[in-house]
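Student: The structure is given below, and queries will be raised subsequently.
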2 protein chains.
Amino acid sequence: MRNHITIKDIARSLDLSYSTVSLALNDAPVVNARTRQRVQEYARSVNYRPNASARAISTGRTYLVGAVLGRFTNSFFEEIAQGIENVASQRGFDVILNTSGFGGSSEEAHLSRLVDRRIEGVICTRYSISQQGIDRLEKMEIPILLLRADACGPQTYVAVDNRLGGRLAVEHLASLGHRHILYVGYDFVHSQLREEGAREAARDFGVRLEPINVPAAVDREAAFAAVTRRAKALRDFTAVFCADDVIAVGAIQALQEIGLRVPQDISVVGFDDLRWAPLINPPLTTVHQPQISQGETAMELLIAMVEGQPVASTVLAPRLVVRGSSAPLAKRVANGRSV
Amino acid sequence: MRNHITIKDIARSLDLSYSTVSLALNDAPVVNARTRQRVQEYARSVNYRPNASARAISTGRTYLVGAVLGRFTNSFFEEIAQGIENVASQRGFDVILNTSGFGGSSEEAHLSRLVDRRIEGVICTRYSISQQGIDRLEKMEIPILLLRADACGPQTYVAVDNRLGGRLAVEHLASLGHRHILYVGYDFVHSQLREEGAREAARDFGVRLEPINVPAAVDREAAFAAVTRRAKALRDFTAVFCADDVIAVGAIQALQEIGLRVPQDISVVGFDDLRWAPLINPPLTTVHQPQISQGETAMELLIAMVEGQPVASTVLAPRLVVRGSSAPLAKRVANGRSV
DNA sequence: ATGAAAGCGCTAACAA
DNA sequence: TTGTTAGCGCTTTCAT
């Protein structure tokens with residue numbers, strides 16, 4: 001069984017020509033219905049399976065795409081991959097996974113392997129592939145789809161509406177009565193967009209929004225440190241909106257450390273709605289990103305590009321999920337602290 | 001650039017024969033060093049890239065493996081995939097990702113696609129592929145490697161030493177002074193092994209260990225419900241060891257709900273050390289599974305199988321990570337509650 | 001409706 | 001050391 005049956009084998013057994021068998025297997029209308037059925041039945045009975053490589057070489061199509069999702073994808077990975085897979089398999093594509101290193105020779109080698117396999121398209125992130133890598137793919141005219149990427153380049157992308165997300169967060173806090181909100185972000189496009197949205201909402205609601213940036217490394221510790229450093233100032237705010245959930249959890253820890261209770265003394269809102277957002281204490285109020293949908297949409301667009309259809313970048317709507325880390329300002333006053 | 005350069009093209013340009021070029025590109029020692037260099041330089045200059053399909057069809061090797069990791073992999077996914085990828089790419093293999101449905105026609109279709117691509121091996125979980133699927137692969141003599149699978153079948157597997165993990169947890173609790181420990185598990189092999197280890201340690205330390213099972217669905221809610229139902233009995237215990245982190249977080253919530261403080265009143269230990277384990281409140285003491293290593297080992301073993309080398313299933317050692325959800329019994333007494 | 005034959009890009013035996 | 005030739009498994013004209 002290791003040595004697979006070929007079309008030739010079938011042809012020989014059925015006393016037909018290669019081409020007839022091939023046509024029959026591919027449901028070509030030209031072949032006699034009876035012959036076709038005979039061939040297909042026989043093929044099935046001997047567990048015939050076409051050889052994808054052979055087919056690829058003669059049709060020029062591989063139905064293979066690459067998903068280059070770096071290592072620093074904040075546990076989006078799983079859901080995104082799921083979404084990609086969903087529509088890929090439904091449309092007869094397979095996806096080669098790549099969690100390779102950003103830039104460097106490792107990336108080059110990875111891309112080479114993908115190119116050798118004649119993948120028909122690539123899904124990636126701005127942070128999972130270098131500009132050089134993108135250039136290389138573009139030079140070969142391999143369609144690229146950028147995930148979670150926002151409009152900061154010529155490539156087609158799929159992203160959540162970050163500006164709207166920022167809006168939702170601040171609207172929520174404002175409607176809870178908060179008038180002094182801190183935004184904890186960092187130097188990436190999506191953070192900036194979220195801030196802009198937040199700023200707009202703040203203006204609309206007449207509340208104050210002050211932004212601070214956590215430096216470089218976007219992790220919990222950095223957020224913790226930044227928020228801690230800001231400790232005194234924090235007492236001027238009654239709410240903090242964080243650029244993402246990881247920051248938010250760091251912020252919450254820092255706040256608790258300096259004796260502020262969340263949400264009684266200060267509300268915290270995150271962004272992303274990572275898997276563990278409901279698990280922390282208090283459960284995190286956050287802006288939900290539709291991860292699976294993003295993966296699905298990405299793959300759909302990519303396939304469209306592969307098939308040469310016109311496509312447009314897509315922005316998906318986020319949605320606020322209210323949990324335990326945000327509360328009305330009233331509570332705080334009731335707790336006896338002044339604003 | 002979309003139409004790739006072929007060996008023929010190179011041969012023509014350099015006025016050499018196909019085979020010489022082919023040999024030169026593959027560093028065959030027979031070819032003249034100068035010719036070889038000339039060929040390689042030219043190839044590089046015109047961005048020649050071999051066609052993997054063509055090569056596969058004539059060598060019979062695809063250097064492709066499938067990773068069938070279902071949907072219910074408790075966020076192991078990312079790290080495992082990472083490990084798999086690491087060694088795969090280092091050894092020149094690519095991996096086709098598959099988060100397909102367990103059983104059913106969807107699985108059949110997925111496997112067919114993998115077979116069509118003539119993958120050389122498959123990494124999967126007991127819970128990500130049906131027995132039927134396994135049978136099919138085995139009939140084709142496609143090497144299978146079972147991940148996180150324990151010794152309950154003829155297949156080669158990679159797993160963490162669950163028994164040892166259970167031991168570690170209970171040893172920790174016992175050495176903290178706890179003498180009445182509850183085990184919250186469920187009806188899966190790994191849970192049973194963890195329980196066995198826990199039981200052994202309990203015996204060694206002369207402490208009482210009572211197991212309960214959460215039914216069917218292994219999620220937080222189920223754990224919550226089960227532990228809540230057990231509420232009265234819980235006051236007889238000073239510690240609970242959970243089959244995994246998801247259960248643990250459910251347990252913690254249930255405990256807090258009935259007014260028990262973790263860890264002051266009751267200690268909780270989990271298993272897995274999922275990404276968010278340090279983020280919850282209190283940070284979870286848990287048995288760490290080396291996920292990346294598992295992925296790496298799995299891929300290494302699979303490649304060995306593919307190359308026809310003898311392999312043995314591997315069991316990796318877990319490691320206890322002490323965080324905030326477990327504390328000495330003393331504390332509790334100090335809090336004025338009786339044991 | 002079926003068959004013959006060429007070709008996809010590459011490897012590998014064999015010959016020169 | 002290089003060239004010739006025959007495949008690998010399949011699709012796809014073009015004849016029949």
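If you're wondering about the labels, chains in the structure tokens are A, B, ... by order shown, residues count from 1 in each chain, ligands from 1 in order shown.
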Taking only C-alpha atoms (C1' of nucleotides) into account, which residues of chain B are within 12 Å of chain D, as a ChimeraX atom specification?

Tutor: /B:11,15-24,28-36,53-61,116

Student: Which of region 102-306 of chain A end up as strand (DSSP E) when DSSP is run on this backbone - answer as number ranges by chain?

Tutor: A: 121-125, 144-147, 156-160, 180-185, 208-213, 239-242, 267-272, 285-288

Student: Counting only C-alpha atoms, which residues from chain B have an atom at most 7 Å from any atom of chain A, and could you show them as a list of chain:residue names?

Tutor: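 The selection requested is B:Met1, B:Arg2, B:Arg49, B:Pro50, B:Asn51, B:Ala52, B:Ser53, B:Ala54, B:Ala56, B:Ile57, B:Phe77, B:Glu78, B:Gln82, B:Glu85, B:Asp94, B:Val95, B:Ile96, B:Leu97, B:Asn98, B:Thr99, B:Asp116, B:Arg117, B:Lys139, B:Met140, B:Glu141, B:Trp276, B:Leu279, B:Ile280, B:Asn281.
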
Student: Which of region 130-241 of chain B end up as helix (DSSP H, G or I) when DSSP is run on this backbone - answer as an NGL selection string?

Tutor: :B and (131-139 or 162-175 or 189-205 or 220-229 or 231-234)

Student: Show me a table, sorted first by chain and then by increasing residue number, of the residues of chain C having an atom at most 10 Å from chain A, each with its shortest atom pair and the distance in Å to one decimal, counting only C-alpha atoms (C1' of nucleotides) and written as a Markdown table.

Tutor:
```
| residue | atom | partner | partner_atom | distance |
| --- | --- | --- | --- | --- |
| C:DA1 | C1' | A:Val31 | CA | 5.9 |
| C:DT2 | C1' | A:Thr20 | CA | 6.5 |
| C:DG3 | C1' | A:Ser17 | CA | 6.1 |
| C:DA4 | C1' | A:Ser17 | CA | 8.8 |
| C:DG7 | C1' | A:Ser58 | CA | 8.1 |
| C:DC8 | C1' | A:Ser58 | CA | 4.4 |
| C:DG9 | C1' | A:Ile57 | CA | 7.2 |
```

Student: Would you mind exporting the chosen residues as a tab-separated table (two decimals), in the first residue's frame, restricted to C-alpha atoms (C1' of nucleotides)?

Tutor:
```tsv
chain	number	residue	atom	x	y	z
C	1	DA	C1'	-16.26	8.25	-26.82
C	2	DT	C1'	-11.55	6.74	-26.69
C	3	DG	C1'	-6.57	6.59	-27.74
C	4	DA	C1'	-1.82	8.30	-28.88
C	7	DG	C1'	5.02	17.79	-22.09
C	8	DC	C1'	5.29	19.65	-17.03
C	9	DG	C1'	10.51	20.09	-14.19
```

Student: So that I can check the surroundings of region 255-257 of chain B, please list as a ChimeraX atom specification every protein, DNA and RNA residue that reaches within 9 Å of it, counting only C-alpha atoms (C1' of nucleotides) and ignoring chain neighbours fewer than 4 positions away.

Tutor: /B:224,227-228,231,234,250-251,261-262,266

Student: Store the residues picked out above in a file with C-alpha atoms, as a PDB file, in the first residue's frame.

Tutor:
```pdb
ATOM      1  CA  PHE B 224     -16.960  25.259  38.805  1.00  0.00           C
ATOM      2  CA  VAL B 227     -16.605  21.946  42.947  1.00  0.00           C
ATOM      3  CA  THR B 228     -19.584  24.004  44.000  1.00  0.00           C
ATOM      4  CA  ALA B 231     -19.070  22.782  48.638  1.00  0.00           C
ATOM      5  CA  LEU B 234     -14.669  21.159  50.681  1.00  0.00           C
ATOM      6  CA  GLY B 250     -12.933  26.997  37.748  1.00  0.00           C
ATOM      7  CA  ALA B 251     -12.226  25.526  41.150  1.00  0.00           C
ATOM      8  CA  ARG B 261      -9.833  32.406  50.337  1.00  0.00           C
ATOM      9  CA  VAL B 262      -7.091  30.984  48.137  1.00  0.00           C
ATOM     10  CA  ILE B 266      -7.354  26.492  50.872  1.00  0.00           C
TER      11      ILE B 266
END
```

Student: Between A:Ala88, A:Ile80, A:Leu260, A:Ala198, single out the one closest to Gly166 (chain A), counting only C-alpha atoms.

Tutor: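 Of all the options, A:Ala198 lies closest to Gly166 (chain A).
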
Student: Compile the contact shell of Ser175 (chain B) as an mmCIF file with N, CA and C atoms, in the first residue's frame: residues with an atom at most 10 Å away, counting only C-alpha atoms (C1' of nucleotides), same-chain residues fewer than 5 positions apart removed.

Tutor:
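So the final result, stored in result05.cif, reads:
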```cif
data_model
loop_
_atom_site.group_PDB
_atom_site.id
_atom_site.type_symbol
_atom_site.label_atom_id
_atom_site.label_comp_id
_atom_site.auth_asym_id
_atom_site.auth_seq_id
_atom_site.Cartn_x
_atom_site.Cartn_y
_atom_site.Cartn_z
ATOM 1 N N VAL B 170 1.361 16.746 44.754
ATOM 2 C CA VAL B 170 0.972 16.323 46.099
ATOM 3 C C VAL B 170 2.144 16.429 47.078
ATOM 4 N N PHE B 205 3.432 10.086 51.871
ATOM 5 C CA PHE B 205 3.457 11.136 52.890
ATOM 6 C C PHE B 205 2.389 10.937 53.966
ATOM 7 N N PRO B 328 1.458 27.403 52.948
ATOM 8 C CA PRO B 328 1.568 26.475 54.075
ATOM 9 C C PRO B 328 0.266 26.426 54.857
ATOM 10 N N LEU B 329 0.012 25.301 55.405
ATOM 11 C CA LEU B 329 -1.184 25.117 56.205
ATOM 12 C C LEU B 329 -1.186 26.105 57.359
#
```

Student: How many Å separate CA of Ile252 (chain B) from CA of Glu195 (chain B)?

Tutor: 19.1 Å

Student: Within 12 Å of Ala223 (chain B), counting only C-alpha atoms (C1' of nucleotides), which residues show up once you throw out same-chain ones fewer than 4 positions away? Write them as a PyMOL selection string, please.

Tutor: chain B and resi 183-186+212-219+227-230+242-255

Student: Using C-alpha atoms, can you export the residues from the last selection as a short mmCIF file (atom, residue, chain, number, x, y, z; two decimals), in the first residue's frame?

Tutor:
```cif
data_model
loop_
_atom_site.label_atom_id
_atom_site.label_comp_id
_atom_site.auth_asym_id
_atom_site.auth_seq_id
_atom_site.Cartn_x
_atom_site.Cartn_y
_atom_site.Cartn_z
CA TYR B 183 -8.22 15.69 43.47
CA VAL B 184 -10.48 17.09 40.76
CA GLY B 185 -10.07 15.06 37.61
CA TYR B 186 -11.96 13.65 34.69
CA ILE B 212 -13.78 13.49 42.39
CA ASN B 213 -14.55 13.62 38.70
CA VAL B 214 -15.95 16.47 36.73
CA PRO B 215 -18.17 15.06 34.03
CA ALA B 216 -17.86 15.05 30.29
CA ALA B 217 -17.05 18.53 29.08
CA VAL B 218 -13.72 19.58 30.42
CA ASP B 219 -14.22 23.25 30.89
CA VAL B 227 -16.60 21.95 42.95
CA THR B 228 -19.58 24.00 44.00
CA ARG B 229 -21.72 20.93 44.32
CA ARG B 230 -19.02 19.63 46.57
CA CYS B 242 -6.75 19.82 39.75
CA ALA B 243 -6.20 17.71 36.67
CA ASP B 244 -5.43 20.82 34.68
CA ASP B 245 -5.30 24.58 34.81
CA VAL B 246 -8.69 25.09 33.29
CA ILE B 247 -10.24 23.00 36.03
CA ALA B 248 -8.13 24.84 38.55
CA VAL B 249 -9.36 28.24 37.58
CA GLY B 250 -12.93 27.00 37.75
CA ALA B 251 -12.23 25.53 41.15
CA ILE B 252 -10.70 28.73 42.43
CA GLN B 253 -13.73 30.70 41.35
CA ALA B 254 -16.06 28.21 42.98
CA LEU B 255 -14.05 28.27 46.19
#
```
